[in-house]
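Structure file work_27.csv (CSV, C-alpha atoms) is printed below.
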```csv
chain,number,residue,atom,x,y,z
L,6,MET,CA,97.7,78.6,127.4
L,7,THR,CA,94.1,79.5,126.7
L,8,SER,CA,92.5,78.8,123.3
L,9,GLU,CA,92.7,82.6,122.4
L,10,GLN,CA,96.5,82.6,123.2
L,11,LEU,CA,97.0,79.4,121.2
L,12,ILE,CA,95.2,81.0,118.2
L,13,GLU,CA,97.2,84.2,118.5
L,14,LYS,CA,100.5,82.3,118.6
L,15,ASN,CA,99.4,80.1,115.7
L,16,ASN,CA,98.6,83.3,113.6
L,17,GLN,CA,102.1,84.7,114.3
L,18,LEU,CA,104.0,81.5,113.5
L,19,ARG,CA,102.0,80.8,110.4
L,20,GLU,CA,103.6,83.8,108.7
L,21,GLN,CA,106.9,82.0,108.8
L,22,LEU,CA,105.7,79.3,106.4
L,23,SER,CA,106.6,79.4,102.7
L,24,PRO,CA,103.6,80.1,100.4
L,25,ALA,CA,103.2,76.4,99.5
L,26,ASN,CA,103.5,75.1,103.1
L,27,LYS,CA,101.2,77.9,104.3
L,28,ALA,CA,98.5,76.9,101.8
L,29,TYR,CA,98.9,73.2,102.8
L,30,TYR,CA,98.6,74.1,106.5
L,31,GLU,CA,95.7,76.4,106.2
L,32,ASN,CA,93.6,73.8,104.4
L,33,LEU,CA,94.6,71.4,107.2
L,34,LEU,CA,93.7,74.0,109.9
L,35,LEU,CA,90.3,74.7,108.3
L,36,TYR,CA,89.5,71.0,107.9
L,37,LEU,CA,90.4,70.3,111.6
L,38,ARG,CA,88.5,73.3,113.0
L,39,THR,CA,85.3,72.6,111.0
L,40,LYS,CA,85.3,68.9,111.8
L,41,SER,CA,86.1,69.1,115.5
L,42,LEU,CA,83.0,71.0,116.8
L,43,SER,CA,82.4,68.2,119.4
L,44,LYS,CA,86.0,68.3,120.6
L,45,ASN,CA,87.6,70.5,123.3
L,46,ASP,CA,88.6,73.7,121.6
L,47,GLN,CA,91.8,74.1,123.6
L,48,GLN,CA,93.0,70.6,122.7
L,49,VAL,CA,92.2,71.2,119.0
L,50,GLU,CA,94.2,74.5,119.0
L,51,THR,CA,97.1,72.8,120.9
L,52,LEU,CA,97.2,70.0,118.2
L,53,LEU,CA,97.2,72.6,115.4
L,54,LEU,CA,100.0,74.5,117.1
L,55,GLU,CA,102.1,71.3,117.4
L,56,ILE,CA,101.5,70.5,113.8
L,57,LEU,CA,102.6,74.0,112.8
L,58,GLN,CA,105.7,73.8,114.9
L,59,ASP,CA,106.6,70.4,113.3
L,60,MET,CA,106.0,71.9,109.9
L,61,LEU,CA,108.3,74.8,110.6
L,62,GLU,CA,111.1,72.4,111.8
L,63,ALA,CA,110.7,70.4,108.6
L,64,GLN,CA,110.7,73.6,106.5
L,65,ALA,CA,114.0,74.6,108.2
L,66,LYS,CA,115.5,71.3,107.0
L,67,GLY,CA,114.3,71.9,103.5
L,68,ILE,CA,111.4,69.3,103.7
L,69,SER,CA,108.1,70.3,102.2
L,70,SER,CA,104.8,69.8,104.0
L,71,LYS,CA,103.7,67.2,101.5
L,72,ASP,CA,106.8,65.2,102.0
L,73,TYR,CA,106.6,65.5,105.8
L,74,PHE,CA,102.9,64.8,106.4
L,75,GLY,CA,102.1,62.9,103.2
L,76,LYS,CA,100.1,63.7,100.1
L,77,SER,CA,96.8,62.7,101.9
L,78,PRO,CA,96.4,65.4,104.6
L,79,GLN,CA,92.7,64.5,105.0
L,80,ALA,CA,93.5,61.0,106.2
L,81,TYR,CA,96.2,62.4,108.5
L,82,ALA,CA,93.7,65.0,109.9
L,83,ASP,CA,91.1,62.3,110.5
L,84,ASP,CA,93.5,60.2,112.4
L,85,MET,CA,94.4,63.2,114.6
L,86,ILE,CA,90.8,64.0,115.3
L,87,LYS,CA,90.1,60.4,116.4
L,88,VAL,CA,92.7,60.7,119.1
L,89,LEU,CA,91.0,63.7,120.7
L,90,PRO,CA,88.2,62.8,123.2
L,91,ASN,CA,84.7,64.2,122.6
L,92,ASP,CA,83.6,67.1,124.8
L,93,PHE,CA,79.9,67.4,124.4
L,94,ILE,CA,79.5,69.6,127.4
L,95,GLU,CA,81.8,72.2,125.9
L,96,ALA,CA,80.0,71.9,122.6
L,97,PHE,CA,76.6,72.4,124.3
L,98,LYS,CA,78.0,75.5,126.1
L,99,LEU,CA,79.3,76.9,122.8
L,100,ILE,CA,75.8,76.4,121.3
L,101,LEU,CA,74.2,78.2,124.3
L,102,ILE,CA,76.7,81.1,124.1
L,103,ALA,CA,76.1,81.3,120.3
L,104,ILE,CA,72.3,81.4,120.7
L,105,GLY,CA,72.6,83.9,123.6
L,106,SER,CA,74.9,86.1,121.5
L,107,PHE,CA,72.6,86.0,118.5
L,108,THR,CA,69.6,86.9,120.7
L,109,PHE,CA,71.5,89.8,122.2
L,110,PHE,CA,72.6,91.2,118.9
L,111,ALA,CA,69.2,90.7,117.3
L,112,PHE,CA,67.7,93.0,120.0
L,113,PHE,CA,68.9,96.2,118.4
L,114,PRO,CA,67.3,95.7,114.9
L,115,SER,CA,64.1,94.2,116.5
L,116,LEU,CA,63.6,97.3,118.6
L,117,LEU,CA,63.4,99.7,115.6
L,118,ASN,CA,59.6,99.9,115.7
L,119,PRO,CA,58.5,101.1,119.2
L,120,GLN,CA,54.9,100.3,118.4
L,121,ARG,CA,55.7,96.6,118.0
L,122,ALA,CA,56.3,94.3,120.9
L,123,LEU,CA,59.7,92.6,121.2
L,124,ASP,CA,59.3,88.9,120.7
L,125,ILE,CA,62.1,87.2,122.7
L,126,GLY,CA,60.8,83.7,121.9
L,127,SER,CA,60.9,84.4,118.1
L,128,ILE,CA,64.5,85.8,118.4
L,129,GLY,CA,65.5,82.7,120.4
L,130,LEU,CA,64.0,80.3,117.8
L,131,THR,CA,65.8,82.3,115.0
L,132,GLY,CA,69.1,81.9,116.9
L,133,LEU,CA,68.6,78.2,117.3
L,134,TYR,CA,67.9,77.8,113.5
L,135,ALA,CA,71.0,80.0,112.8
L,136,ILE,CA,73.2,77.7,114.9
L,137,ILE,CA,71.9,74.7,113.0
L,138,LEU,CA,72.5,76.5,109.7
L,139,VAL,CA,76.1,77.4,110.7
L,140,ILE,CA,76.8,73.8,111.7
L,141,GLY,CA,75.5,72.7,108.2
L,142,ILE,CA,77.7,75.3,106.5
L,143,PHE,CA,80.7,74.0,108.4
L,144,TYR,CA,79.8,70.5,107.2
L,145,ILE,CA,79.7,71.7,103.6
L,146,ILE,CA,83.0,73.6,103.9
L,147,ASN,CA,84.6,70.6,105.6
L,148,ARG,CA,83.5,68.2,102.8
L,149,ASP,CA,84.8,70.6,100.0
L,150,ILE,CA,88.3,71.4,101.3
L,151,TYR,CA,90.0,68.3,99.8
L,152,ARG,CA,87.6,67.8,96.9
L,153,ASN,CA,88.0,69.0,93.3
L,154,LYS,CA,85.7,71.9,93.1
L,155,ASN,CA,84.3,73.4,89.8
L,156,ILE,CA,82.7,76.7,89.4
L,157,LEU,CA,79.2,75.3,88.9
L,158,SER,CA,79.4,73.3,92.1
L,159,ARG,CA,80.5,76.4,94.1
L,160,ILE,CA,77.7,78.5,92.6
L,161,LEU,CA,75.1,75.8,93.5
L,162,LYS,CA,76.4,75.6,97.1
L,163,ILE,CA,76.2,79.4,97.4
L,164,ILE,CA,72.6,79.4,96.1
L,165,LEU,CA,71.8,76.6,98.6
L,166,ILE,CA,73.2,78.5,101.5
L,167,ILE,CA,71.3,81.7,100.5
L,168,ILE,CA,68.0,79.6,100.3
L,169,LEU,CA,68.7,78.1,103.7
L,170,THR,CA,69.1,81.6,105.2
L,171,ILE,CA,65.6,82.7,104.2
L,172,PRO,CA,63.9,80.9,107.1
L,173,ILE,CA,65.9,83.2,109.5
L,174,PHE,CA,63.9,86.2,108.2
L,175,LEU,CA,60.6,84.2,107.9
L,176,ILE,CA,60.8,83.2,111.6
L,177,MET,CA,61.5,86.7,112.8
L,178,ILE,CA,58.7,88.2,110.7
L,179,PHE,CA,55.9,85.6,111.0
L,180,VAL,CA,56.5,83.5,114.1
L,181,ARG,CA,54.9,84.9,117.3
L,182,THR,CA,55.3,83.6,120.8
L,183,SER,CA,53.9,84.6,124.2
L,184,PHE,CA,57.4,85.8,125.3
L,185,GLN,CA,56.9,89.4,124.3
L,186,LEU,CA,58.0,92.7,125.8
L,187,LYS,CA,56.8,96.2,125.0
L,188,LEU,CA,59.7,98.6,125.3
L,189,GLN,CA,58.2,102.0,124.6
L,190,GLY,CA,59.1,105.5,125.8
L,191,ILE,CA,61.5,106.0,128.7
L,192,LEU,CA,61.6,102.3,129.6
L,193,GLY,CA,62.5,101.3,126.0
L,194,ILE,CA,65.3,104.0,125.8
L,195,SER,CA,66.7,102.9,129.2
L,196,VAL,CA,66.9,99.3,128.2
L,197,ILE,CA,68.5,100.3,124.8
L,198,ILE,CA,71.1,102.4,126.6
L,199,LEU,CA,71.9,99.5,129.0
L,200,LEU,CA,72.3,97.1,126.0
L,201,MET,CA,74.6,99.6,124.3
L,202,LEU,CA,76.7,99.9,127.4
L,203,ALA,CA,77.0,96.1,127.6
L,204,GLU,CA,78.0,96.0,123.9
L,205,LEU,CA,80.7,98.7,124.5
L,206,ILE,CA,82.0,96.9,127.6
L,207,TRP,CA,82.3,93.7,125.5
L,208,TYR,CA,84.0,95.5,122.7
L,209,PHE,CA,86.7,97.2,124.8
L,210,ARG,CA,87.4,93.8,126.5
L,211,GLN,CA,88.5,92.4,123.1
L,212,LYS,CA,92.2,92.2,122.3
L,213,ASP,CA,91.7,92.6,118.5
L,214,ARG,CA,89.4,95.6,118.4
L,215,LYS,CA,90.1,96.3,114.8
L,216,LEU,CA,88.4,93.0,113.9
L,217,TRP,CA,85.2,94.0,115.7
L,218,PHE,CA,85.2,97.8,115.1
L,219,PHE,CA,82.8,98.0,112.2
L,220,LEU,CA,80.5,95.3,113.6
L,221,ASN,CA,80.4,97.1,116.9
L,222,PHE,CA,79.8,100.4,115.1
L,223,SER,CA,76.8,98.8,113.2
L,224,PHE,CA,75.2,97.6,116.5
L,225,ILE,CA,75.7,100.9,118.2
L,226,GLY,CA,74.2,102.6,115.1
L,227,PHE,CA,71.1,100.4,115.5
L,228,GLY,CA,70.9,101.3,119.2
L,229,VAL,CA,71.0,105.1,118.3
L,230,LEU,CA,68.2,104.5,115.7
L,231,ASP,CA,66.2,102.6,118.3
L,232,ILE,CA,66.4,105.6,120.6
L,233,LEU,CA,65.5,108.1,117.8
L,234,THR,CA,62.4,106.2,116.9
L,235,ARG,CA,61.2,106.5,120.5
L,236,LEU,CA,61.5,110.3,120.6
L,237,PRO,CA,58.1,111.9,120.2
L,238,LYS,CA,58.4,114.1,117.1
L,239,LEU,CA,61.4,112.5,115.4
L,240,GLY,CA,60.1,109.0,116.0
L,241,HIS,CA,56.8,109.8,114.4
L,242,TYR,CA,58.6,111.3,111.4
L,243,LEU,CA,60.8,108.2,110.9
L,244,ILE,CA,58.0,105.6,111.4
L,245,ASN,CA,55.0,107.3,109.8
L,246,ASN,CA,56.3,109.9,107.3
L,247,SER,CA,57.2,108.5,103.8
L,248,THR,CA,60.4,110.6,103.6
L,249,GLY,CA,61.4,109.6,107.1
L,250,LYS,CA,60.8,105.9,106.2
L,251,ILE,CA,63.2,106.2,103.3
L,252,TYR,CA,65.9,107.7,105.5
L,253,LEU,CA,65.4,105.0,108.1
L,254,VAL,CA,65.5,102.2,105.5
L,255,VAL,CA,68.6,103.6,103.8
L,256,THR,CA,70.4,103.8,107.2
L,257,ILE,CA,69.3,100.3,108.1
L,258,ILE,CA,70.7,98.9,104.9
L,259,ALA,CA,74.0,100.8,105.4
L,260,LEU,CA,74.4,99.5,108.9
L,261,CYS,CA,73.6,95.9,107.8
L,262,TYR,CA,76.2,95.9,105.0
L,263,LEU,CA,78.9,98.1,106.6
L,264,PRO,CA,80.7,95.2,108.4
L,265,TRP,CA,80.6,93.0,105.3
L,266,LEU,CA,81.8,95.7,102.9
L,267,THR,CA,84.7,96.7,105.2
L,268,SER,CA,85.8,93.1,105.6
L,269,VAL,CA,85.9,92.7,101.8
L,270,LEU,CA,87.9,95.9,101.4
L,271,PHE,CA,90.4,94.9,104.1
L,272,LYS,CA,90.8,91.4,102.6
L,273,TYR,CA,91.3,93.0,99.1
L,274,LYS,CA,94.0,95.4,100.5
L,275,LYS,CA,95.7,92.5,102.3
L,276,ASN,CA,95.8,90.4,99.2
L,277,LYS,CA,97.0,93.3,97.1
L,278,LYS,CA,99.9,93.8,99.6
L,279,SER,CA,100.7,90.1,99.5
```
Is it possible to give me this structure as structure tokens?
Amino acid sequence: MTSEQLIEKNNQLREQLSPANKAYYENLLLYLRTKSLSKNDQQVETLLLEILQDMLEAQAKGISSKDYFGKSPQAYADDMIKVLPNDFIEAFKLILIAIGSFTFFAFFPSLLNPQRALDIGSIGLTGLYAIILVIGIFYIINRDIYRNKNILSRILKIILIIILTIPIFLIMIFVRTSFQLKLQGILGISVIILLMLAELIWYFRQKDRKLWFFLNFSFIGFGVLDILTRLPKLGHYLINNSTGKIYLVVTIIALCYLPWLTSVLFKYKKNKKS
């Protein structure tokens, strides 16, 4: 089975666990996934599925996860990770895909001002920093899973993560490279339409479209704004008129926060049902 199929089967079987066993397993799952970035993804998911199946068998016999795997799941997980061979080629591919994806999705917001050249080099550097930041966040999450966490510690870590995200915006605003493109008029609109089509093709190829719906809606919304700013009269109104700028900024903020707000609402409804 592929990694996606293993994850899907894992999600289905996990619902059969009791609340206590599910909490135990999900901590173990998060720990293994955040610590195995240099491992083969398929092997990691296979291991997680095997652990889950063993846990379900133990549960059927009335044995709790703590009794079956022990009261030190971190040590158990570390031993499991050591068995898996490193796969740095796959890890490098994953980093390249992540940078490429970030660069692709950053195109839409970066094209809002048709008078400004699109700096591909700056977007690439931002993507590289974002990947390093994500790896650092994974490290923080991994360290905290089996530690006693107080509210102050969590608040300080959230503040640290927020501070570390600031360079993303600083790089995109202030760093300039020689890899620039001017996408104005018909050329710009044509490129934007092609990018929107590529985004829609990617979206419709996903199995779980509900998960990506609002994120996809946000990117398509940015694409529409990019086209509107390149239309002669309307573009001049949105870029140069004070009222037009307000409409543009409000729309941008809405498109940026829409995926996050909807994910919070869905999570709240799910927790309420549970």
| In Å, with one decimal, what is the gap from CA of Phe97 in chain L to CA of Lys44 in chain L? |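 Between CA of Phe97 in chain L and CA of Lys44 in chain L the gap is 10.9 Å.
Atom to atom, CA of Met60 in chain L and CA of Tyr73 in chain L stand 7.6 Å apart.
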| Surrounding residues of Leu35 in chain L excluding itself and chain neighbours under 3 positions, 10 Å, all atoms listed in the file, as number ranges by chain | L: 30-32, 38-40, 143, 146-147, 150
| What is the distance between CA of Thr51 in chain L and CA of Asp72 in chain L, in Å to one decimal? |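 That distance, rounded to one decimal, is 22.6 Å.
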| field | Which of L:Asp124, L:Asp149, L:Asp231, L:Glu62 sits closest to Thr182 in chain L [using only C-alpha atoms] | value | L:Asp124
| remark: Shortest contact to Val88 in chain L, candidates L:Gln58, L:Ser247, L:Ser41, L:Ser70, atoms counted all atoms listed in the file, goes to L:Ser41
| query | Between L:Ser77, L:Thr256, L:Asn16, L:Ser69, which one has atoms that come closest to Tyr151 in chain L, using only C-alpha atoms? | reply |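 Answer, going by the shortest atom-to-atom distance: L:Ser77.
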Work out where the centre of an axis-aligned box around every listed atom of range 243-248 of chain L lies and how long its edges are once 8 Å is added on each side; give both in Å to one decimal as JSON.
```
{"center_x": 57.9, "center_y": 108.1, "center_z": 107.5, "size_x": 21.8, "size_y": 21.0, "size_z": 23.8}
```
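Closest approach to Ile145 in chain L among L:Ile56, L:Val196, L:Ile166, L:Ala203: L:Ile166, based on all atoms listed in the file.
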| Shell of 8 Å around range 79-87 of chain L, only C-alpha atoms, local chain residues under 2 positions omitted, as number ranges by chain | L: 33, 36-37, 41, 74-75, 77, 89-90, 151
| query | So, counting all atoms listed in the file, which residue among L:Asn221, L:Gln211, L:Gln189, L:Ser115 is closest to Pro237 in chain L? | reply |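 Distance minimum relative to Pro237 in chain L lands on L:Gln189.
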| message | Could you check the closest approach to Ile232 in chain L for each of L:Ile100, L:Ile194, L:Ile156, L:Leu169 and tell me which residue wins, using all atoms listed in the file? | response | L:Ile194
| query | Met201 in chain L: which residues within 8 Å, counting all atoms listed in the file, same-chain residues fewer than 3 positions away excluded, as a ChimeraX atom specification? | reply | /L:197-198,204-205,225,228
